[in-house]
$ cat model15.cif   # mmCIF, C-alpha atoms and all ligand atoms
data_protein
#
loop_
_atom_site.label_atom_id
_atom_site.label_comp_id
_atom_site.auth_asym_id
_atom_site.auth_seq_id
_atom_site.Cartn_x
_atom_site.Cartn_y
_atom_site.Cartn_z
CA MET A 1 0.00 0.00 0.00
CA THR A 2 1.35 3.38 -0.97
CA THR A 3 1.67 5.89 1.82
CA VAL A 4 1.62 9.66 1.61
CA GLY A 5 5.35 9.54 2.30
CA ASP A 6 5.93 7.35 -0.78
CA LEU A 7 3.88 9.74 -2.83
CA TRP A 8 5.93 12.67 -1.57
CA ALA A 9 9.17 10.88 -2.39
CA SER A 10 8.02 9.77 -5.86
CA LEU A 11 6.61 13.10 -7.03
CA PRO A 12 8.87 13.98 -9.99
CA VAL A 13 8.27 17.74 -9.70
CA PRO A 14 10.49 19.72 -7.29
CA THR A 15 8.13 20.64 -4.46
CA ILE A 16 8.49 22.65 -1.24
CA VAL A 17 6.17 22.90 1.74
CA ILE A 18 6.28 26.44 3.09
CA GLY A 19 5.38 27.26 6.70
CA PRO A 20 3.39 30.24 8.01
CA ASN A 21 6.47 32.50 8.19
CA ASP A 22 7.86 31.63 4.79
CA ASP A 23 10.16 29.06 6.32
CA ILE A 24 10.84 25.78 4.56
CA VAL A 25 9.04 22.91 6.28
CA ASP A 26 10.10 20.18 3.88
CA ILE A 27 11.28 19.55 0.33
CA ASN A 28 10.83 16.37 -1.68
CA SER A 29 13.62 14.42 -3.33
CA ALA A 30 12.99 16.00 -6.73
CA ALA A 31 13.63 19.38 -5.06
CA GLU A 32 16.77 18.01 -3.38
CA GLY A 33 17.99 17.11 -6.85
CA PHE A 34 16.91 20.42 -8.32
CA PHE A 35 18.59 22.57 -5.65
CA ASN A 36 21.41 20.14 -5.08
CA VAL A 37 20.97 20.22 -1.28
CA SER A 38 19.55 17.75 1.21
CA ALA A 39 16.15 18.17 2.76
CA LYS A 40 17.85 18.19 6.16
CA THR A 41 19.78 21.38 5.41
CA MET A 42 16.75 23.06 3.94
CA ARG A 43 14.28 22.34 6.73
CA GLY A 44 13.68 25.40 8.88
CA ALA A 45 15.60 27.75 6.60
CA PRO A 46 13.90 30.95 5.47
CA LEU A 47 12.50 30.32 1.96
CA TRP A 48 13.70 33.56 0.45
CA ASP A 49 17.27 32.94 1.58
CA GLN A 50 17.34 29.63 -0.27
CA LEU A 51 15.36 30.44 -3.33
CA ALA A 52 16.37 33.17 -5.75
CA VAL A 53 13.46 34.22 -7.91
CA ASP A 54 13.57 37.14 -10.31
CA ALA A 55 10.01 38.21 -9.52
CA PRO A 56 8.53 39.94 -6.46
CA LEU A 57 6.78 36.91 -5.02
CA GLU A 58 6.66 37.54 -1.28
CA GLU A 59 3.59 39.74 -1.42
CA SER A 60 1.68 37.54 -3.83
CA LEU A 61 2.48 34.54 -1.68
CA ALA A 62 1.22 36.32 1.41
CA ARG A 63 -1.97 37.27 -0.40
CA ALA A 64 -2.53 33.72 -1.67
CA ARG A 65 -2.04 32.45 1.87
CA LYS A 66 -4.46 34.97 3.33
CA ASN A 67 -7.15 34.28 0.75
CA GLY A 68 -6.54 30.54 0.63
CA THR A 69 -6.22 30.67 -3.14
CA PRO A 70 -3.68 29.10 -5.51
CA LEU A 71 -1.11 31.18 -7.34
CA PHE A 72 0.48 30.44 -10.71
CA VAL A 73 3.53 32.25 -12.02
CA ASN A 74 4.97 31.53 -15.46
CA ASP A 75 8.42 32.09 -16.88
CA VAL A 76 10.42 33.12 -13.82
CA ASP A 77 14.09 32.41 -13.32
CA VAL A 78 14.58 30.26 -10.25
CA GLY A 79 17.98 29.66 -8.73
CA SER A 80 19.59 28.89 -5.42
CA GLY A 81 22.98 29.24 -3.86
CA GLN A 82 24.09 26.00 -5.47
CA ARG A 83 22.50 26.24 -8.85
CA ALA A 84 22.32 28.66 -11.78
CA PRO A 85 18.91 30.15 -12.47
CA LEU A 86 16.63 28.20 -14.77
CA GLN A 87 13.40 29.36 -16.31
CA CYS A 88 10.48 27.75 -14.49
CA ALA A 89 6.76 27.88 -13.95
CA LEU A 90 5.65 28.05 -10.30
CA GLN A 91 2.46 26.68 -8.87
CA ILE A 92 1.59 27.56 -5.30
CA ALA A 93 -1.42 26.28 -3.38
CA PRO A 94 -2.63 26.20 0.22
CA LEU A 95 -1.79 22.91 1.94
CA VAL A 96 -5.04 21.32 2.96
CA GLY A 97 -5.23 20.55 6.67
CA ALA A 98 -2.23 22.65 7.74
CA LEU A 99 -3.08 26.22 8.65
CA ASP A 100 -1.15 28.86 6.65
CA HIS A 101 1.09 26.28 5.04
CA MET A 102 1.60 26.46 1.29
CA VAL A 103 2.86 23.97 -1.30
CA LEU A 104 5.18 25.27 -4.01
CA MET A 105 5.80 23.21 -7.15
CA ILE A 106 8.57 24.21 -9.51
CA SER A 107 8.34 23.07 -13.14
CA PRO A 108 11.53 23.74 -15.06
CA ARG A 109 10.83 24.86 -18.61
CA GLU A 110 12.51 21.74 -20.04
CA LEU A 111 9.76 19.64 -18.52
CA ALA A 112 7.00 22.04 -19.45
CA GLY A 113 8.34 22.32 -22.97
CA ARG A 114 8.37 18.62 -23.62
CA MET A 115 4.68 18.28 -22.93
CA THR A 116 3.65 20.84 -25.52
CA GLN A 117 6.30 20.04 -28.04
CA SER A 118 4.44 21.01 -31.15
CA HIS A 119 3.76 24.48 -29.77
CA SER A 120 7.28 25.18 -28.65
CA VAL A 121 8.62 23.89 -31.94
CA LYS A 122 6.36 26.28 -33.70
CA SER A 123 7.44 29.37 -31.84
CA ALA A 124 11.13 28.47 -31.84
CA ALA A 125 10.91 27.88 -35.57
CA LYS A 126 9.14 31.17 -35.99
CA SER A 127 11.80 33.33 -34.41
CA ALA A 128 14.81 31.56 -35.94
CA ILE A 129 13.14 31.47 -39.32
CA GLY A 130 12.02 35.09 -39.12
CA MET A 131 15.62 36.11 -38.63
CA ALA A 132 16.82 33.85 -41.42
CA GLU A 133 14.18 35.17 -43.79
CA MET A 134 15.37 38.69 -43.28
CA LEU A 135 18.95 37.59 -43.94
CA ALA A 136 17.88 35.58 -46.98
CA HIS A 137 16.38 38.67 -48.47
CA GLU A 138 19.50 40.74 -47.76
CA ILE A 139 21.92 38.14 -49.07
CA LYS A 140 20.26 37.13 -52.31
CA ASN A 141 20.86 40.35 -54.24
CA PRO A 142 24.57 40.81 -53.52
CA LEU A 143 25.02 37.10 -54.12
CA ALA A 144 23.58 37.44 -57.60
CA GLY A 145 26.09 40.25 -58.13
CA ILE A 146 28.98 38.10 -56.93
CA THR A 147 27.98 35.20 -59.17
CA GLY A 148 27.66 37.50 -62.16
CA ALA A 149 31.04 39.09 -61.51
CA ALA A 150 32.69 35.68 -61.19
CA GLN A 151 31.18 34.60 -64.48
CA LEU A 152 32.48 37.76 -66.18
CA LEU A 153 35.93 37.23 -64.73
CA SER A 154 36.00 33.62 -65.89
CA MET A 155 35.85 34.66 -69.52
CA ASN A 156 39.51 35.71 -69.61
CA LEU A 157 40.98 33.05 -67.37
CA GLY A 158 43.17 30.01 -67.87
CA ALA A 159 42.05 26.56 -66.73
CA GLU A 160 43.65 26.78 -63.29
CA ASP A 161 41.98 30.03 -62.33
CA LEU A 162 38.74 28.91 -63.88
CA GLU A 163 38.53 26.34 -61.14
CA LEU A 164 38.38 29.17 -58.63
CA THR A 165 35.63 31.12 -60.34
CA ASP A 166 33.69 27.89 -60.79
CA LEU A 167 33.99 27.37 -57.08
CA ILE A 168 32.55 30.82 -56.42
CA VAL A 169 29.62 30.17 -58.73
CA GLU A 170 28.93 26.72 -57.35
CA GLU A 171 29.07 27.73 -53.71
CA SER A 172 26.87 30.73 -54.41
CA ARG A 173 24.30 28.43 -56.00
CA ARG A 174 24.34 26.29 -52.87
CA ILE A 175 23.66 29.33 -50.71
CA VAL A 176 20.85 30.47 -53.00
CA LYS A 177 19.26 27.03 -52.69
CA LEU A 178 19.42 27.22 -48.92
CA LEU A 179 17.96 30.72 -48.96
CA GLU A 180 15.12 29.54 -51.15
CA GLN A 181 14.31 26.86 -48.62
CA VAL A 182 14.25 29.46 -45.89
CA GLU A 183 11.93 31.61 -47.97
CA GLN A 184 9.66 28.63 -48.51
CA PHE A 185 8.95 28.84 -44.81
CA GLY A 186 7.87 32.43 -44.93
CA ASN A 187 5.72 31.84 -47.99
CA LEU A 188 3.86 28.98 -46.40
CA SER A 189 0.19 29.92 -46.36
CA PRO A 190 -2.30 28.43 -43.93
CA PRO A 191 -3.42 25.02 -45.19
CA ASP A 192 -6.39 24.92 -47.52
CA LEU A 193 -8.20 22.11 -45.72
CA ARG A 194 -10.35 19.68 -47.68
CA PRO A 195 -10.99 15.95 -47.80
CA VAL A 196 -7.87 14.24 -49.12
CA ASN A 197 -7.18 10.65 -50.02
CA ILE A 198 -3.92 10.22 -48.19
CA HIS A 199 -2.97 7.20 -50.30
CA ASP A 200 -2.97 9.42 -53.42
CA VAL A 201 -0.54 11.73 -51.64
CA LEU A 202 1.68 8.81 -50.60
CA ASP A 203 1.64 7.43 -54.16
CA ARG A 204 2.64 10.72 -55.71
CA ALA A 205 5.46 11.13 -53.24
CA ARG A 206 6.60 7.55 -53.76
CA ARG A 207 6.72 7.88 -57.52
CA SER A 208 8.64 11.11 -57.45
CA ALA A 209 11.06 9.71 -54.86
CA LEU A 210 11.81 6.65 -56.99
CA LEU A 211 12.61 8.88 -59.97
CA GLY A 212 15.03 11.01 -57.98
CA PHE A 213 16.52 10.96 -54.50
CA GLY A 214 15.05 7.54 -53.68
CA ALA A 215 16.16 5.63 -56.77
CA HIS A 216 18.38 3.36 -54.67
CA VAL A 217 15.73 2.18 -52.19
CA SER A 218 12.70 -0.02 -52.45
CA ILE A 219 9.52 1.53 -51.17
CA ILE A 220 6.90 -0.87 -49.89
CA GLU A 221 3.26 0.11 -49.65
CA ASP A 222 1.37 -1.23 -46.68
CA TYR A 223 -1.97 0.56 -46.78
CA ASP A 224 -5.25 0.07 -44.99
CA PRO A 225 -7.60 0.23 -48.00
CA SER A 226 -10.57 1.21 -45.84
CA LEU A 227 -8.84 4.33 -44.48
CA PRO A 228 -11.27 7.28 -44.59
CA LEU A 229 -10.35 10.61 -46.16
CA ALA A 230 -8.10 12.94 -44.21
CA PHE A 231 -8.76 16.64 -43.73
CA GLY A 232 -5.77 18.48 -45.10
CA ASP A 233 -4.05 20.47 -47.82
CA PRO A 234 -2.92 17.94 -50.48
CA ASP A 235 0.01 20.03 -51.70
CA GLN A 236 1.34 20.71 -48.23
CA LEU A 237 0.90 17.07 -47.20
CA LEU A 238 2.79 16.04 -50.33
CA GLN A 239 5.63 18.30 -49.24
CA VAL A 240 5.58 16.65 -45.79
CA VAL A 241 5.75 13.12 -47.18
CA LEU A 242 8.46 14.10 -49.68
CA ASN A 243 10.62 15.58 -46.92
CA LEU A 244 10.19 12.47 -44.78
CA LEU A 245 10.88 10.17 -47.73
CA LYS A 246 13.98 12.18 -48.60
CA ASN A 247 15.38 11.80 -45.08
CA ALA A 248 14.47 8.10 -45.07
CA SER A 249 16.21 7.58 -48.43
CA GLU A 250 19.27 9.43 -47.22
CA ALA A 251 19.34 7.28 -44.09
CA ALA A 252 18.70 3.99 -45.87
CA ALA A 253 21.69 2.08 -47.15
CA GLN A 254 22.77 2.38 -50.78
CA LYS A 255 22.25 -1.37 -51.03
CA GLY A 256 19.30 -3.06 -49.38
CA GLY A 257 17.72 0.22 -48.31
CA LYS A 258 14.02 -0.27 -47.59
CA ILE A 259 11.26 2.16 -46.78
CA ARG A 260 7.78 1.10 -45.74
CA LEU A 261 4.78 3.39 -46.12
CA HIS A 262 2.23 2.24 -43.58
CA SER A 263 -1.25 3.61 -43.12
CA TYR A 264 -3.80 2.53 -40.54
CA PHE A 265 -6.75 3.74 -38.54
CA GLU A 266 -6.54 4.22 -34.80
CA HIS A 267 -9.95 5.13 -33.56
CA SER A 268 -8.86 6.16 -30.08
CA PHE A 269 -5.98 8.48 -30.94
CA ARG A 270 -6.77 11.89 -29.47
CA LEU A 271 -4.49 14.81 -28.92
CA ARG A 272 -5.06 16.71 -25.72
CA ARG A 273 -3.85 20.26 -26.01
CA ALA A 274 -2.42 22.49 -23.32
CA ASP A 275 -5.68 24.46 -23.23
CA GLY A 276 -7.63 21.30 -22.38
CA SER A 277 -9.35 20.91 -25.73
CA GLY A 278 -8.98 17.60 -27.51
CA GLN A 279 -8.93 16.59 -31.14
CA SER A 280 -9.41 13.20 -32.69
CA LEU A 281 -6.53 12.24 -35.00
CA PRO A 282 -7.42 8.72 -36.11
CA LEU A 283 -5.47 8.55 -39.40
CA GLN A 284 -1.96 7.25 -38.93
CA ILE A 285 0.73 7.34 -41.59
CA GLU A 286 4.14 5.89 -40.86
CA ILE A 287 7.30 6.28 -42.89
CA ILE A 288 9.67 3.55 -41.75
CA ASP A 289 13.24 3.10 -42.91
CA ASN A 290 15.92 0.54 -42.10
CA GLY A 291 18.70 3.10 -41.72
CA PRO A 292 20.99 3.68 -38.74
CA GLY A 293 18.49 5.67 -36.66
CA LEU A 294 18.71 9.25 -35.40
CA PRO A 295 22.11 10.46 -34.23
CA ASP A 296 21.92 10.59 -30.41
CA SER A 297 23.41 14.05 -30.21
CA ILE A 298 20.56 15.74 -32.08
CA ALA A 299 17.68 13.31 -31.55
CA ALA A 300 15.84 15.67 -29.20
CA ASP A 301 16.07 18.65 -31.53
CA ILE A 302 15.51 17.29 -35.04
CA PHE A 303 12.30 19.28 -35.49
CA ASP A 304 14.06 22.57 -34.77
CA PRO A 305 15.21 24.59 -37.75
CA PHE A 306 18.89 24.40 -38.71
CA VAL A 307 19.48 21.18 -36.78
CA SER A 308 21.13 18.71 -39.10
CA GLY A 309 23.30 15.64 -38.76
CA LYS A 310 24.44 15.86 -42.38
CA GLU A 311 27.47 17.59 -43.76
CA ASN A 312 25.50 19.54 -46.31
CA GLY A 313 22.14 19.44 -44.55
CA THR A 314 20.05 22.54 -44.01
CA GLY A 315 18.08 21.21 -41.06
CA LEU A 316 14.95 22.74 -42.54
CA GLY A 317 13.19 19.61 -43.81
CA LEU A 318 11.72 18.45 -40.52
CA ALA A 319 11.11 21.99 -39.29
CA LEU A 320 8.86 22.53 -42.30
CA VAL A 321 7.18 19.15 -41.73
CA SER A 322 6.52 20.05 -38.12
CA LYS A 323 5.08 23.44 -39.03
CA ILE A 324 2.75 22.05 -41.68
CA ILE A 325 1.51 19.25 -39.47
CA SER A 326 0.91 21.56 -36.56
CA ASP A 327 -0.98 23.98 -38.88
CA HIS A 328 -3.18 20.99 -39.74
CA GLY A 329 -3.92 20.39 -36.06
CA GLY A 330 -2.10 17.08 -36.45
CA TRP A 331 0.71 15.42 -34.58
CA ILE A 332 4.09 14.01 -35.54
CA SER A 333 6.18 11.65 -33.49
CA VAL A 334 9.30 9.65 -34.07
CA THR A 335 10.73 6.48 -32.62
CA SER A 336 14.17 5.45 -33.68
CA VAL A 337 16.65 2.70 -32.91
CA PRO A 338 19.66 1.62 -34.93
CA GLY A 339 18.19 -0.26 -37.87
CA GLN A 340 14.80 1.43 -37.81
CA SER A 341 13.34 4.92 -37.72
CA VAL A 342 9.60 5.47 -37.70
CA PHE A 343 8.11 8.89 -38.38
CA ARG A 344 4.42 8.82 -37.62
CA LEU A 345 1.89 11.42 -38.75
CA SER A 346 -1.49 11.55 -37.05
CA LEU A 347 -4.15 13.48 -38.94
CA PRO A 348 -7.81 14.37 -38.50
CA ARG A 349 -10.37 12.73 -40.76
CA ALA A 350 -12.56 14.79 -43.07
CA PRO A 351 -15.90 15.88 -41.63
CA LYS A 352 -18.43 13.21 -42.56
CA SER A 353 -21.03 15.43 -44.22
CA ASP A 354 -19.01 16.72 -47.20
CA THR A 355 -16.86 13.64 -47.66
CA PRO A 356 -18.16 12.23 -50.97
CA ALA A 357 -19.21 15.44 -52.71
CA ALA A 358 -16.11 17.51 -52.05
CA GLU A 359 -13.61 14.82 -52.90
CA LYS A 360 -11.35 16.17 -55.59
CA LYS A 361 -9.35 14.06 -57.93
CA ASP A 362 -6.12 15.59 -59.07
N1 LIG B 1 14.91 8.74 -41.22
C1 LIG B 1 15.97 9.25 -40.56
N2 LIG B 1 16.96 8.43 -40.11
C2 LIG B 1 18.03 8.94 -39.44
N3 LIG B 1 18.21 10.26 -39.16
C3 LIG B 1 17.26 11.11 -39.59
C4 LIG B 1 16.09 10.68 -40.29
N4 LIG B 1 15.33 11.75 -40.57
C5 LIG B 1 15.99 12.82 -40.08
N5 LIG B 1 17.15 12.45 -39.48
C6 LIG B 1 18.12 13.34 -38.82
O1 LIG B 1 17.51 14.59 -38.59
C7 LIG B 1 18.26 15.64 -39.18
C8 LIG B 1 17.37 16.77 -39.59
O2 LIG B 1 16.62 16.46 -40.72
P1 LIG B 1 16.08 17.62 -41.66
O3 LIG B 1 15.35 18.63 -40.83
O4 LIG B 1 15.32 17.02 -42.79
O5 LIG B 1 17.41 18.34 -42.18
P2 LIG B 1 18.50 17.83 -43.23
O6 LIG B 1 17.93 16.63 -43.93
O7 LIG B 1 18.70 18.99 -44.13
O8 LIG B 1 19.72 17.52 -42.41
C9 LIG B 1 19.00 14.96 -40.31
O9 LIG B 1 20.18 15.67 -40.65
C10 LIG B 1 19.31 13.58 -39.73
O10 LIG B 1 20.47 13.63 -38.95
MG MG B 2 16.01 16.54 -44.78
#
$ encode --input "model15.cif" --output "structure tokens"
Amino acid sequence: MTTVGDLWASLPVPTIVIGPNDDIVDINSAAEGFFNVSAKTMRGAPLWDQLAVDAPLEESLARARKNGTPLFVNDVDVGSGQRAPLQCALQIAPLVGALDHMVLMISPRELAGRMTQSHSVKSAAKSAIGMAEMLAHEIKNPLAGITGAAQLLSMNLGAEDLELTDLIVEESRRIVKLLEQVEQFGNLSPPDLRPVNIHDVLDRARRSALLGFGAHVSIIEDYDPSLPLAFGDPDQLLQVVLNLLKNASEAAAQKGGKIRLHSYFEHSFRLRRADGSGQSLPLQIEIIDNGPGLPDSIAADIFDPFVSGKENGTGLGLALVSKIISDHGGWISVTSVPGQSVFRLSLPRAPKSDTPAAEKKD
């Protein structure tokens, strides 16, 4: 039988019980870890000597105590003598059954961020991309000038020097290509949602992959033929599948590389959002490759822009995928071990009423 003490010890969120005079009554083991001190040293110490918070909290805490109401504070830097400040969310509530005692829970942003990944990805992408877009615009014109000048120069050069001007032109082209990808982000319009046959999208992507970047792999179709229509923007979803197929092809071996396109229906898949609303995302599409898996060092950040494990990668492919899917209200997840990576898209189905009439063939 679990006791209250077990519960206190198991609670993964750093938590402090505060006495009537803002003294520390107890801290749990997560808080011991967080502050890097033992509960024994903390007990009895004045809270504000131990906890450095960059917000005027004493008064609000006193008010919450007086009124018996909870208090939530977002995005404050919390530190202590032993630890550098870290951005946290604080939740404070009266302790039931102990007069004037309060419970303080500290959620470091890393934890909070993980739970709402698609949202944080979106805003991180937004700021980094916004900056890059501005740069892209500024760089493209002078770059065209540089390329032109190099081409003019090359007309009067011998073979050895030609190599150098060719290098200028080639490298400039590479930068232009990168800039165009950055601009693609900014030009992305909100999805034009309509009923889409996701298998048509997968087929188109598969065929174009086999003609180009995926010529060396075999792509296996494993579809649930009874899958209902999805609600999405066919062009944007095609872009998503192409980006995922491109990564999968790049990961798969030159010989024996295999990619499986898997679709299935999962009636119970619902996404619960931070605001409490839920959405049903029953259509599942998996892109599975038999490559080496995600590099450990970047596995947690692959959906962020400019994160790449490849020498000439831009790190924009998955950032775009993540933005499009989150604009669709969908969800993307990845599981990866050496020998297999699975990228799974979860999408909403088309509203039932206009399913047959609005279906477009293209
Ligand atoms: N199927 C996969 N298998 C292994 N690693 C992958 C896979 N897909 C993505 N990655 C990793 O994620 C990184 C980011 O991918 P992406 O955003 O498309 O950028 P890029 O392909 O330009 O590097 C890749 O560089 C690679 O290291
Ligand atoms: Mg890529």
$ residues_around --input "model15.cif" --residues "stretch 324-328 of chain A" --least-positions-apart "6" --cutoff "9 Å" --atoms "all atoms listed in the file" --output "list in words"
Ser118, His119, Lys122, Leu188, Pro190, Pro191, Leu193, Phe231, Gly232, Asp233, Gln236, Leu237, Gln239, Val240, Leu345, Ser346, Leu347 and Pro348 of chain A
$ closest_residue --input "model15.cif" --among "A:Thr15, A:Ser263, A:Asn247, A:Ser127" --to "ligand LIG 1 (chain B)" --atoms "all atoms listed in the file"
A:Asn247
$ atom_distance --input "model15.cif" --atom1 "atom CA of A:Ala55" --atom2 "atom CA of A:Met105"
15.8 Å
$ closest_residue --input "model15.cif" --among "A:Leu227, A:Val96, A:Val307, A:Val337" --to "ligand LIG 1 (chain B)" --atoms "all atoms listed in the file"
A:Val307
$ atom_distance --input "model15.cif" --atom1 "atom CA of A:Leu229" --atom2 "atom CA of A:Arg204"
16.1 Å
$ residues_near_ligand --input "model15.cif" --ligand "ligand LIG 1 (chain B)" --cutoff "9 Å" --atoms "only C-alpha atoms and all ligand atoms" --output "number ranges by chain"
A: 243-252, 287-295, 298-299, 301-321, 336, 338, 340-343
$ closest_residue --input "model15.cif" --among "A:Leu162, A:Leu178, A:Ala39, A:Ala230" --to "ligand MG 2 (chain B)" --atoms "all atoms listed in the file"
A:Leu178
$ closest_residue --input "model15.cif" --among "A:Ser154, A:Gln181, A:Thr41, A:Asn197" --to "ligand MG 2 (chain B)" --atoms "all atoms listed in the file"
A:Gln181
$ atom_distance --input "model15.cif" --atom1 "atom CA of A:Leu242" --atom2 "atom CA of A:Ile198"
13.1 Å
$ residues_around --input "model15.cif" --residues "A:Leu179" --least-positions-apart "5" --cutoff "9 Å" --atoms "all atoms listed in the file" --output "list in words"
Ala132, Glu133, Leu135, Ala136, His137, Ile139, Lys140, Arg174 and Gln184 of chain A
$ residues_around --input "model15.cif" --residues "A:Leu7" --least-positions-apart "6" --cutoff "12 Å" --atoms "all atoms listed in the file" --output "PyMOL selection string"
chain A and resi 1+13+15+28-30
$ residues_near_point --input "model15.cif" --point "(9.3, 11.1, -53.3)" --cutoff "9 Å" --atoms "all atoms listed in the file" --output "VMD selection string"
chain A and resid 202 to 214 238 241 to 246
$ residues_around --input "model15.cif" --residues "A:Asn74" --least-positions-apart "5" --cutoff "12 Å" --atoms "all atoms listed in the file" --output "VMD selection string"
chain A and resid 53 to 55 57 87 to 92 105 to 109 112
$ residues_around --input "model15.cif" --residues "A:Gln151" --least-positions-apart "6" --cutoff "10 Å" --atoms "all atoms listed in the file" --output "PyMOL selection string"
chain A and resi 145+162+165-166+168-169
$ write_last_selection --input "model15.cif" --atoms "C-alpha atoms" --output "PDB file, in the frame of the given file"
ATOM      1  CA  GLY A 145      26.090  40.250 -58.130  1.00  0.00           C
ATOM      2  CA  LEU A 162      38.740  28.910 -63.880  1.00  0.00           C
ATOM      3  CA  THR A 165      35.630  31.120 -60.340  1.00  0.00           C
ATOM      4  CA  ASP A 166      33.690  27.890 -60.790  1.00  0.00           C
ATOM      5  CA  ILE A 168      32.550  30.820 -56.420  1.00  0.00           C
ATOM      6  CA  VAL A 169      29.620  30.170 -58.730  1.00  0.00           C
TER       7      VAL A 169
END
$ closest_residue --input "model15.cif" --among "A:Pro46, A:Ile332, A:Lys352, A:Ser60" --to "A:Phe72" --atoms "only C-alpha atoms"
A:Ser60
